[in-house]
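Asks: My structure file coords-v7.cif, mmCIF, C-alpha atoms, is below:
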```cif
data_model
loop_
_atom_site.label_atom_id
_atom_site.label_comp_id
_atom_site.auth_asym_id
_atom_site.auth_seq_id
_atom_site.Cartn_x
_atom_site.Cartn_y
_atom_site.Cartn_z
CA MET F 1 125.77 -23.78 115.10
CA LEU F 2 124.76 -27.21 113.82
CA PRO F 3 126.87 -27.83 110.71
CA GLU F 4 126.01 -31.53 110.60
CA LEU F 5 122.26 -30.85 110.36
CA LYS F 6 120.85 -31.11 106.82
CA PRO F 7 117.35 -30.38 105.46
CA TYR F 8 115.23 -33.40 104.53
CA TYR F 9 113.77 -33.60 101.01
CA PRO F 10 110.63 -35.81 101.03
CA GLY F 11 110.38 -36.36 97.28
CA TYR F 12 108.11 -33.59 95.99
CA ILE F 13 108.18 -29.96 94.95
CA ALA F 14 105.67 -27.12 94.87
CA TRP F 15 104.96 -25.31 91.65
CA ARG F 16 103.71 -21.84 92.54
CA CYS F 17 101.82 -19.79 89.99
CA LEU F 18 100.29 -16.30 90.02
CA THR F 19 97.61 -15.45 87.46
CA ASP F 20 96.13 -12.00 86.89
CA GLU F 21 92.40 -12.08 87.55
CA SER F 22 91.74 -10.53 84.14
CA ALA F 23 93.63 -13.39 82.43
CA LEU F 24 91.38 -16.15 83.79
CA PRO F 25 88.72 -17.49 81.40
CA ALA F 26 85.24 -16.56 82.61
CA ALA F 27 84.17 -20.11 83.49
CA THR F 28 87.37 -20.80 85.44
CA HIS F 29 87.06 -17.46 87.24
CA ALA F 30 83.48 -18.31 88.25
CA ALA F 31 84.50 -21.76 89.51
CA LEU F 32 87.58 -20.74 91.48
CA PHE F 33 87.94 -17.10 92.35
CA GLN F 34 85.50 -16.69 95.24
CA ARG F 35 86.59 -19.96 96.86
CA TYR F 36 89.51 -21.57 98.62
CA SER F 37 89.95 -24.57 96.33
CA VAL F 38 91.70 -27.89 96.79
CA CYS F 39 92.74 -30.15 93.90
CA VAL F 40 93.06 -33.82 94.87
CA ALA F 41 94.07 -35.37 91.55
CA PRO F 42 95.68 -38.85 91.72
CA GLY F 43 99.32 -38.53 92.80
CA GLU F 44 99.05 -34.74 92.89
CA GLN F 45 97.70 -32.10 95.23
CA GLY F 46 97.03 -28.40 94.88
CA ILE F 47 95.43 -25.42 96.54
CA GLY F 48 94.25 -22.16 95.02
CA TYR F 49 92.97 -18.86 96.36
CA ALA F 50 92.66 -15.20 95.44
CA VAL F 51 95.32 -12.71 96.56
CA PRO F 52 95.78 -8.94 96.11
CA GLY F 53 96.96 -7.60 92.76
CA GLN F 54 100.51 -6.63 91.87
CA ASP F 55 100.00 -3.17 93.40
CA GLY F 56 98.20 -4.57 96.45
CA SER F 57 94.80 -3.81 94.93
CA LEU F 58 91.71 -5.61 96.20
CA LYS F 59 89.54 -4.18 93.43
CA PRO F 60 87.68 -6.85 91.42
CA GLY F 61 89.46 -7.36 88.13
CA ASN F 62 92.83 -6.21 89.50
CA ARG F 63 93.50 -9.12 91.84
CA GLN F 64 95.50 -12.32 91.28
CA TYR F 65 94.89 -16.03 91.70
CA ASN F 66 97.55 -18.06 93.49
CA VAL F 67 98.04 -21.77 92.85
CA VAL F 68 100.34 -24.05 94.85
CA TRP F 69 100.70 -27.44 93.17
CA TYR F 70 102.55 -30.27 94.94
CA HIS F 71 104.16 -32.64 92.45
CA PRO F 72 106.43 -35.69 93.04
CA VAL F 73 110.03 -35.38 91.79
CA GLU F 74 112.89 -37.79 92.43
CA ALA F 75 115.82 -36.25 94.31
CA ALA F 76 118.08 -37.17 91.38
CA ASP F 77 115.91 -35.07 89.02
CA LEU F 78 115.91 -31.87 91.11
CA ALA F 79 119.18 -30.60 89.63
CA GLN F 80 117.71 -30.73 86.12
CA LEU F 81 114.70 -28.67 87.17
CA MET F 82 116.97 -26.06 88.75
CA THR F 83 119.27 -25.66 85.74
CA ASP F 84 118.62 -22.72 83.42
CA ASP F 85 118.77 -22.62 79.61
CA SER F 86 122.46 -21.68 79.70
CA GLY F 87 123.31 -24.84 81.68
CA ARG F 88 123.90 -23.07 85.00
CA HIS F 89 122.69 -24.98 88.04
CA HIS F 90 121.02 -22.90 90.80
CA ALA F 91 121.55 -25.17 93.78
CA SER F 92 119.99 -22.91 96.41
CA GLY F 93 116.87 -22.09 94.37
CA ILE F 94 116.13 -20.95 90.84
CA ALA F 95 114.51 -17.58 90.18
CA PRO F 96 111.39 -17.53 87.98
CA SER F 97 113.27 -15.57 85.32
CA HIS F 98 115.89 -18.33 85.06
CA LEU F 99 113.47 -21.22 84.79
CA SER F 100 114.29 -23.32 81.73
CA GLY F 101 111.83 -23.01 78.86
CA ARG F 102 111.80 -26.79 78.50
CA VAL F 103 111.07 -27.28 82.21
CA ARG F 104 108.26 -24.73 82.06
CA GLU F 105 106.70 -26.36 79.00
CA GLU F 106 106.87 -29.84 80.54
CA MET F 107 105.25 -28.48 83.69
CA LEU F 108 102.37 -26.97 81.70
CA GLN F 109 101.83 -30.23 79.83
CA THR F 110 101.83 -32.22 83.08
CA ALA F 111 99.32 -29.83 84.65
CA GLN F 112 97.05 -30.23 81.64
CA ALA F 113 97.25 -34.01 81.81
CA ARG F 114 96.95 -34.55 85.58
CA LEU F 115 95.14 -31.70 87.32
CA ALA F 116 91.53 -30.61 87.43
CA PRO F 117 90.94 -28.51 84.29
CA GLN F 118 90.25 -25.33 86.27
CA PHE F 119 93.61 -25.60 88.04
CA ALA F 120 95.37 -26.41 84.78
CA GLU F 121 93.86 -23.31 83.14
CA ALA F 122 94.92 -21.07 86.02
CA ILE F 123 98.46 -22.40 85.69
CA GLN F 124 98.41 -22.09 81.89
CA HIS F 125 97.46 -18.41 82.06
CA ALA F 126 99.80 -17.54 84.95
CA ARG F 127 101.95 -14.44 84.77
CA ILE F 128 104.68 -16.07 86.83
CA HIS F 129 105.73 -19.67 87.56
CA PHE F 130 108.35 -20.77 90.06
CA LEU F 131 109.24 -23.98 91.81
CA GLN F 132 110.05 -24.71 95.43
CA PRO F 133 111.71 -27.97 96.52
CA ILE F 134 109.87 -29.04 99.67
CA LEU F 135 112.18 -29.39 102.66
CA ASP F 136 111.85 -29.73 106.38
CA LEU F 137 114.40 -29.22 109.13
CA GLU F 138 114.22 -29.94 112.85
CA SER F 139 116.94 -28.58 115.12
CA PRO F 140 117.75 -30.49 118.32
CA ARG F 141 118.94 -27.29 120.02
CA LEU F 142 118.16 -23.59 119.78
CA VAL F 143 120.52 -22.12 122.39
CA PHE F 144 124.32 -22.12 122.21
CA GLY F 145 125.59 -20.16 125.18
CA ARG F 146 124.39 -16.64 124.51
CA VAL F 147 123.56 -17.37 120.85
CA VAL F 148 119.98 -18.28 119.90
CA ILE F 149 118.60 -19.45 116.54
CA ILE F 150 114.97 -18.75 115.69
CA GLY F 151 112.58 -18.84 112.73
CA ASP F 152 113.56 -20.89 109.69
CA ALA F 153 117.11 -21.10 110.99
CA ALA F 154 115.72 -23.37 113.70
CA PHE F 155 112.80 -25.22 112.11
CA VAL F 156 111.70 -25.42 108.48
CA ALA F 157 108.17 -26.76 108.09
CA ARG F 158 106.50 -27.80 104.86
CA PRO F 159 104.24 -25.10 103.42
CA HIS F 160 101.08 -27.16 104.02
CA VAL F 161 100.89 -25.62 107.50
CA ALA F 162 101.41 -21.99 106.37
CA MET F 163 103.31 -21.35 109.61
CA GLY F 164 106.56 -19.71 108.48
CA VAL F 165 105.72 -16.17 109.60
CA PRO F 166 103.72 -17.16 112.74
CA LYS F 167 106.48 -19.54 113.77
CA GLY F 168 109.23 -16.95 113.38
CA ALA F 169 107.19 -14.24 115.09
CA GLY F 170 106.33 -16.63 117.91
CA ASP F 171 110.02 -17.38 118.41
CA ALA F 172 110.87 -13.69 118.55
CA ILE F 173 108.08 -12.86 121.01
CA ALA F 174 108.95 -15.82 123.23
CA LEU F 175 112.62 -14.78 123.25
CA VAL F 176 111.79 -11.20 124.26
CA LEU F 177 109.48 -12.38 127.05
CA ALA F 178 112.04 -14.89 128.33
CA VAL F 179 114.75 -12.23 128.52
CA GLN F 180 112.41 -9.72 130.17
CA HIS F 181 111.23 -12.18 132.80
CA GLY F 182 114.60 -13.83 133.35
CA GLY F 183 116.18 -10.82 134.99
CA SER F 184 119.91 -11.16 135.50
CA ASN F 185 119.95 -14.93 134.91
CA ILE F 186 120.03 -14.78 131.13
CA LEU F 187 121.19 -18.36 130.61
CA SER F 188 118.32 -19.76 132.66
CA ALA F 189 115.90 -17.58 130.67
CA LEU F 190 117.29 -18.92 127.41
CA ASP F 191 116.93 -22.49 128.65
CA GLN F 192 113.24 -21.86 129.31
CA PHE F 193 112.83 -20.27 125.88
CA GLU F 194 114.47 -23.28 124.25
CA ALA F 195 112.25 -25.81 126.03
CA GLN F 196 109.11 -23.94 125.00
CA ARG F 197 110.02 -23.33 121.35
CA LEU F 198 111.50 -26.78 120.72
CA ARG F 199 108.10 -28.20 121.60
CA VAL F 200 106.27 -25.78 119.31
CA GLY F 201 108.74 -26.16 116.42
CA ARG F 202 108.59 -29.95 116.57
CA ALA F 203 104.79 -29.89 116.55
CA ILE F 204 104.69 -27.63 113.50
CA VAL F 205 107.19 -29.74 111.56
CA ALA F 206 105.31 -32.92 112.52
CA ARG F 207 102.05 -31.40 111.31
CA GLY F 208 103.64 -30.49 107.98
CA ARG F 209 104.95 -34.03 107.57
CA TYR F 210 101.52 -35.44 108.34
CA LEU F 211 99.79 -33.21 105.79
CA GLY F 212 102.48 -34.06 103.22
CA SER F 213 102.42 -37.82 103.82
CA TYR F 214 100.31 -38.52 100.74
CA MET F 215 102.73 -36.68 98.45
CA GLU F 216 105.75 -38.24 100.16
CA ALA F 217 104.36 -41.70 99.40
CA GLN F 218 104.21 -41.09 95.64
CA LEU F 219 107.81 -42.16 94.98
CA LYS F 220 107.73 -45.10 97.38
CA PRO F 221 106.88 -48.76 96.60
CA ALA F 222 103.47 -49.53 95.11
CA ALA F 223 102.06 -50.91 98.37
CA GLU F 224 102.78 -47.65 100.20
CA ARG F 225 101.29 -45.59 97.37
CA GLU F 226 98.16 -47.72 97.38
CA ARG F 227 97.78 -47.40 101.14
CA ALA F 228 98.21 -43.61 100.94
CA GLU F 229 95.51 -43.48 98.25
CA GLN F 230 93.13 -45.55 100.38
CA LEU F 231 93.63 -43.23 103.36
CA ARG F 232 93.02 -40.11 101.28
CA VAL F 233 89.51 -38.84 102.00
CA PHE F 234 88.64 -35.74 99.96
CA ASP F 235 86.57 -34.01 102.66
CA GLN F 236 89.31 -34.62 105.22
CA VAL F 237 91.99 -33.23 102.90
CA MET F 238 89.96 -30.05 102.41
CA MET F 239 89.26 -29.65 106.12
CA GLU F 240 92.77 -30.35 107.36
CA THR F 241 94.55 -28.20 104.78
CA ALA F 242 93.03 -25.08 106.28
CA MET F 243 92.60 -26.26 109.88
CA PRO F 244 94.18 -23.96 112.51
CA MET F 245 96.80 -25.27 114.94
CA ALA F 246 96.70 -24.65 118.67
CA PHE F 247 99.43 -25.11 121.28
CA SER F 248 98.79 -25.43 124.99
#
```
Could you show the structure in this file as structure tokens?

Replies:
Amino acid sequence: MLPELKPYYPGYIAWRCLTDESALPAATHAALFQRYSVCVAPGEQGIGYAVPGQDGSLKPGNRQYNVVWYHPVEAADLAQLMTDDSGRHHASGIAPSHLSGRVREEMLQTAQARLAPQFAEAIQHARIHFLQPILDLESPRLVFGRVVIIGDAAFVARPHVAMGVPKGAGDAIALVLAVQHGGSNILSALDQFEAQRLRVGRAIVARGRYLGSYMEAQLKPAAERERAEQLRVFDQVMMETAMPMAFS
């Protein structure tokens, strides 16, 4: 529908790590597991929280701890991270099982050197590691005659906002309601749907860019990095990372 439209890479990735609760050292478990934690190390940012176990269990001892660690990476270095030990490049995303041993080891060393020790330990003991290049995408149109794009086909927001599922579900619900209320004038109904969801999608993407502005500054000139550091207030980072969004 929009072949000229390309995702924007802002200069950082997310390392995602899942650690079995039983694998966490006792002190790290006590510090992290009952909390939603934010790591605001210089030039880095992470969040961590408990999730159900591999079988969906919520039983203490059988759960997992999830870490999302945002880390700056030059666009030119992405290909190396997404190349496996056989030399094959996975351009559209590399599976955890194909992650290069060298890349994994360098990631663990970087975590140890740069992150809060509790976060570094959770990553060190993780059962699974995988990386996600951060991208965002903003479509100028959603309706093409009788064809409609919704969800991540329409807008890709950075994961800071945790809005992938709500955004896609909101698109689907809005589309159903527009068609139901539009009667026989389907094209007019789709125009109304587009106007509503363009506004919502743009707001979500803008929010993700705002929350990611500190990480995006890490590969920019020193003056921009210094300004981003000065504007970074720990309490505000913690509050805004989990702050709900509302649309009127």

Asks: Please expand the PyMOL selection byres ((chain F and resi 35-37) around 8) into the concrete residues it hits in this file, giving the result as an NGL selection string.

Replies: :F and (31-34 or 38-39 or 47-50)

Asks: Skipping near chain neighbours, those fewer than 5 positions away, what residues fall within 8 Å of Gly208 in chain F using all atoms listed in the file, listed as a list in words?

Replies: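 My list of contacting residues is Ala157, Arg158, Pro159, His160 and Val161 of chain F.
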
Asks: Tell me which residues the PyMOL selection byres ((chain F and resi 131) around 9) grabs here, as a CSV table (one decimal) with C-alpha atoms, keeping the file's coordinate frame.

Replies:
```csv
chain,number,residue,atom,x,y,z
F,13,ILE,CA,108.2,-30.0,95.0
F,14,ALA,CA,105.7,-27.1,94.9
F,15,TRP,CA,105.0,-25.3,91.6
F,16,ARG,CA,103.7,-21.8,92.5
F,17,CYS,CA,101.8,-19.8,90.0
F,81,LEU,CA,114.7,-28.7,87.2
F,82,MET,CA,117.0,-26.1,88.8
F,93,GLY,CA,116.9,-22.1,94.4
F,94,ILE,CA,116.1,-21.0,90.8
F,95,ALA,CA,114.5,-17.6,90.2
F,96,PRO,CA,111.4,-17.5,88.0
F,99,LEU,CA,113.5,-21.2,84.8
F,129,HIS,CA,105.7,-19.7,87.6
F,130,PHE,CA,108.4,-20.8,90.1
F,132,GLN,CA,110.0,-24.7,95.4
F,133,PRO,CA,111.7,-28.0,96.5
```

Asks: Closest to Ala27 in chain F among F:Pro117, F:Gly43, F:Pro221, F:Gly183, using all atoms listed in the file?

Replies: F:Pro117

Asks: Nearest residue to Glu138 in chain F out of F:Leu115, F:Gln236, F:Arg197, F:Gln45, using only C-alpha atoms?

Replies: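 Checking each of F:Leu115, F:Gln236, F:Arg197, F:Gln45 against Glu138 in chain F, counting only C-alpha atoms, the winner is F:Arg197.
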
Asks: Compare F:Ile134, F:Val51, F:Ile128, F:Val237 by their minimum atom-to-atom distance to Leu78 in chain F, counting all atoms listed in the file, and give me the closest one.

Replies: F:Ile134

Asks: In Å, rounded to a single decimal, give me how far CA of His125 in chain F is from CA of Arg104 in chain F.

Replies: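 Separation of CA of Arg104 in chain F and CA of His125 in chain F: 12.5 Å.
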
Asks: Pull the neighbourhood of (97.7, -16.3, 89.9) for me: all residues within 7 Å in file coordinates, counting all atoms listed in the file, as a PDB file with C-alpha atoms, in the coordinates of the input.

Replies:
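In the end it all went to point.pdb:
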```
ATOM      1  CA  CYS F  17     101.820 -19.790  89.990  1.00  0.00           C
ATOM      2  CA  LEU F  18     100.290 -16.300  90.020  1.00  0.00           C
ATOM      3  CA  THR F  19      97.610 -15.450  87.460  1.00  0.00           C
ATOM      4  CA  ASP F  20      96.130 -12.000  86.890  1.00  0.00           C
ATOM      5  CA  GLN F  64      95.500 -12.320  91.280  1.00  0.00           C
ATOM      6  CA  TYR F  65      94.890 -16.030  91.700  1.00  0.00           C
ATOM      7  CA  ASN F  66      97.550 -18.060  93.490  1.00  0.00           C
ATOM      8  CA  VAL F  67      98.040 -21.770  92.850  1.00  0.00           C
ATOM      9  CA  ALA F 122      94.920 -21.070  86.020  1.00  0.00           C
ATOM     10  CA  ALA F 126      99.800 -17.540  84.950  1.00  0.00           C
ATOM     11  CA  ARG F 127     101.950 -14.440  84.770  1.00  0.00           C
TER      12      ARG F 127
END
```

Asks: Could I see range 67-100 of chain F restored to N, CA and C atoms, set down as a PDB file, in the coordinates of the input?

Replies:
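Writing done, so here's part_14.pdb:
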```
ATOM      1  N   VAL F  67      98.127 -20.308  92.835  1.00  0.00           N
ATOM      2  CA  VAL F  67      98.040 -21.770  92.850  1.00  0.00           C
ATOM      3  C   VAL F  67      99.333 -22.323  93.433  1.00  0.00           C
ATOM      4  N   VAL F  68      99.212 -23.273  94.350  1.00  0.00           N
ATOM      5  CA  VAL F  68     100.340 -24.050  94.850  1.00  0.00           C
ATOM      6  C   VAL F  68     100.058 -25.506  94.514  1.00  0.00           C
ATOM      7  N   TRP F  69     100.912 -26.077  93.685  1.00  0.00           N
ATOM      8  CA  TRP F  69     100.700 -27.440  93.170  1.00  0.00           C
ATOM      9  C   TRP F  69     101.849 -28.324  93.631  1.00  0.00           C
ATOM     10  N   TYR F  70     101.549 -29.325  94.449  1.00  0.00           N
ATOM     11  CA  TYR F  70     102.550 -30.270  94.940  1.00  0.00           C
ATOM     12  C   TYR F  70     102.670 -31.433  93.958  1.00  0.00           C
ATOM     13  N   HIS F  71     103.908 -31.689  93.531  1.00  0.00           N
ATOM     14  CA  HIS F  71     104.160 -32.640  92.450  1.00  0.00           C
ATOM     15  C   HIS F  71     105.380 -33.491  92.792  1.00  0.00           C
ATOM     16  N   PRO F  72     105.290 -34.831  92.673  1.00  0.00           N
ATOM     17  CA  PRO F  72     106.430 -35.690  93.040  1.00  0.00           C
ATOM     18  C   PRO F  72     107.593 -35.552  92.064  1.00  0.00           C
ATOM     19  N   VAL F  73     108.804 -35.463  92.593  1.00  0.00           N
ATOM     20  CA  VAL F  73     110.030 -35.380  91.790  1.00  0.00           C
ATOM     21  C   VAL F  73     111.128 -36.146  92.523  1.00  0.00           C
ATOM     22  N   GLU F  74     111.758 -37.074  91.846  1.00  0.00           N
ATOM     23  CA  GLU F  74     112.890 -37.790  92.430  1.00  0.00           C
ATOM     24  C   GLU F  74     114.007 -36.819  92.794  1.00  0.00           C
ATOM     25  N   ALA F  75     114.712 -37.114  93.889  1.00  0.00           N
ATOM     26  CA  ALA F  75     115.820 -36.250  94.310  1.00  0.00           C
ATOM     27  C   ALA F  75     116.862 -36.117  93.196  1.00  0.00           C
ATOM     28  N   ALA F  76     117.080 -37.196  92.446  1.00  0.00           N
ATOM     29  CA  ALA F  76     118.080 -37.170  91.380  1.00  0.00           C
ATOM     30  C   ALA F  76     117.682 -36.243  90.232  1.00  0.00           C
ATOM     31  N   ASP F  77     116.386 -35.911  90.123  1.00  0.00           N
ATOM     32  CA  ASP F  77     115.910 -35.070  89.020  1.00  0.00           C
ATOM     33  C   ASP F  77     115.822 -33.592  89.395  1.00  0.00           C
ATOM     34  N   LEU F  78     116.034 -33.263  90.675  1.00  0.00           N
ATOM     35  CA  LEU F  78     115.910 -31.870  91.110  1.00  0.00           C
ATOM     36  C   LEU F  78     116.905 -30.957  90.393  1.00  0.00           C
ATOM     37  N   ALA F  79     118.144 -31.432  90.243  1.00  0.00           N
ATOM     38  CA  ALA F  79     119.180 -30.600  89.630  1.00  0.00           C
ATOM     39  C   ALA F  79     118.771 -30.164  88.234  1.00  0.00           C
ATOM     40  N   GLN F  80     118.142 -31.053  87.486  1.00  0.00           N
ATOM     41  CA  GLN F  80     117.710 -30.730  86.120  1.00  0.00           C
ATOM     42  C   GLN F  80     116.653 -29.627  86.128  1.00  0.00           C
ATOM     43  N   LEU F  81     115.739 -29.690  87.073  1.00  0.00           N
ATOM     44  CA  LEU F  81     114.700 -28.670  87.170  1.00  0.00           C
ATOM     45  C   LEU F  81     115.283 -27.305  87.524  1.00  0.00           C
ATOM     46  N   MET F  82     116.399 -27.312  88.252  1.00  0.00           N
ATOM     47  CA  MET F  82     116.970 -26.060  88.750  1.00  0.00           C
ATOM     48  C   MET F  82     118.186 -25.632  87.928  1.00  0.00           C
ATOM     49  N   THR F  83     118.214 -26.057  86.671  1.00  0.00           N
ATOM     50  CA  THR F  83     119.270 -25.660  85.740  1.00  0.00           C
ATOM     51  C   THR F  83     118.639 -24.811  84.643  1.00  0.00           C
ATOM     52  N   ASP F  84     119.222 -23.636  84.388  1.00  0.00           N
ATOM     53  CA  ASP F  84     118.620 -22.720  83.420  1.00  0.00           C
ATOM     54  C   ASP F  84     119.010 -23.089  81.985  1.00  0.00           C
ATOM     55  N   ASP F  85     118.536 -22.302  81.029  1.00  0.00           N
ATOM     56  CA  ASP F  85     118.770 -22.620  79.610  1.00  0.00           C
ATOM     57  C   ASP F  85     120.229 -22.499  79.208  1.00  0.00           C
ATOM     58  N   SER F  86     121.036 -21.798  80.000  1.00  0.00           N
ATOM     59  CA  SER F  86     122.460 -21.680  79.700  1.00  0.00           C
ATOM     60  C   SER F  86     123.269 -22.833  80.280  1.00  0.00           C
ATOM     61  N   GLY F  87     122.619 -23.705  81.054  1.00  0.00           N
ATOM     62  CA  GLY F  87     123.310 -24.840  81.680  1.00  0.00           C
ATOM     63  C   GLY F  87     123.778 -24.567  83.086  1.00  0.00           C
ATOM     64  N   ARG F  88     123.469 -23.406  83.634  1.00  0.00           N
ATOM     65  CA  ARG F  88     123.900 -23.070  85.000  1.00  0.00           C
ATOM     66  C   ARG F  88     122.936 -23.675  86.007  1.00  0.00           C
ATOM     67  N   HIS F  89     123.496 -24.360  87.001  1.00  0.00           N
ATOM     68  CA  HIS F  89     122.690 -24.980  88.040  1.00  0.00           C
ATOM     69  C   HIS F  89     122.545 -24.032  89.224  1.00  0.00           C
ATOM     70  N   HIS F  90     121.309 -23.800  89.670  1.00  0.00           N
ATOM     71  CA  HIS F  90     121.020 -22.900  90.800  1.00  0.00           C
ATOM     72  C   HIS F  90     120.692 -23.766  92.015  1.00  0.00           C
ATOM     73  N   ALA F  91     121.713 -24.176  92.720  1.00  0.00           N
ATOM     74  CA  ALA F  91     121.550 -25.170  93.780  1.00  0.00           C
ATOM     75  C   ALA F  91     120.682 -24.690  94.929  1.00  0.00           C
ATOM     76  N   SER F  92     120.724 -23.407  95.251  1.00  0.00           N
ATOM     77  CA  SER F  92     119.990 -22.910  96.410  1.00  0.00           C
ATOM     78  C   SER F  92     118.607 -22.383  96.049  1.00  0.00           C
ATOM     79  N   GLY F  93     118.199 -22.553  94.793  1.00  0.00           N
ATOM     80  CA  GLY F  93     116.870 -22.090  94.370  1.00  0.00           C
ATOM     81  C   GLY F  93     116.963 -21.304  93.084  1.00  0.00           C
ATOM     82  N   ILE F  94     116.093 -21.607  92.144  1.00  0.00           N
ATOM     83  CA  ILE F  94     116.130 -20.950  90.840  1.00  0.00           C
ATOM     84  C   ILE F  94     115.057 -19.873  90.764  1.00  0.00           C
ATOM     85  N   ALA F  95     115.451 -18.684  90.316  1.00  0.00           N
ATOM     86  CA  ALA F  95     114.510 -17.580  90.180  1.00  0.00           C
ATOM     87  C   ALA F  95     113.556 -17.843  89.025  1.00  0.00           C
ATOM     88  N   PRO F  96     112.339 -17.325  89.080  1.00  0.00           N
ATOM     89  CA  PRO F  96     111.390 -17.530  87.980  1.00  0.00           C
ATOM     90  C   PRO F  96     111.949 -17.121  86.622  1.00  0.00           C
ATOM     91  N   SER F  97     112.728 -16.051  86.593  1.00  0.00           N
ATOM     92  CA  SER F  97     113.270 -15.570  85.320  1.00  0.00           C
ATOM     93  C   SER F  97     114.309 -16.499  84.729  1.00  0.00           C
ATOM     94  N   HIS F  98     114.869 -17.403  85.537  1.00  0.00           N
ATOM     95  CA  HIS F  98     115.890 -18.330  85.060  1.00  0.00           C
ATOM     96  C   HIS F  98     115.341 -19.726  84.772  1.00  0.00           C
ATOM     97  N   LEU F  99     114.062 -19.914  85.010  1.00  0.00           N
ATOM     98  CA  LEU F  99     113.470 -21.220  84.790  1.00  0.00           C
ATOM     99  C   LEU F  99     113.614 -21.631  83.329  1.00  0.00           C
ATOM    100  N   SER F 100     114.093 -22.827  83.081  1.00  0.00           N
ATOM    101  CA  SER F 100     114.290 -23.320  81.730  1.00  0.00           C
ATOM    102  C   SER F 100     112.968 -23.361  80.964  1.00  0.00           C
TER     103      SER F 100
END
```
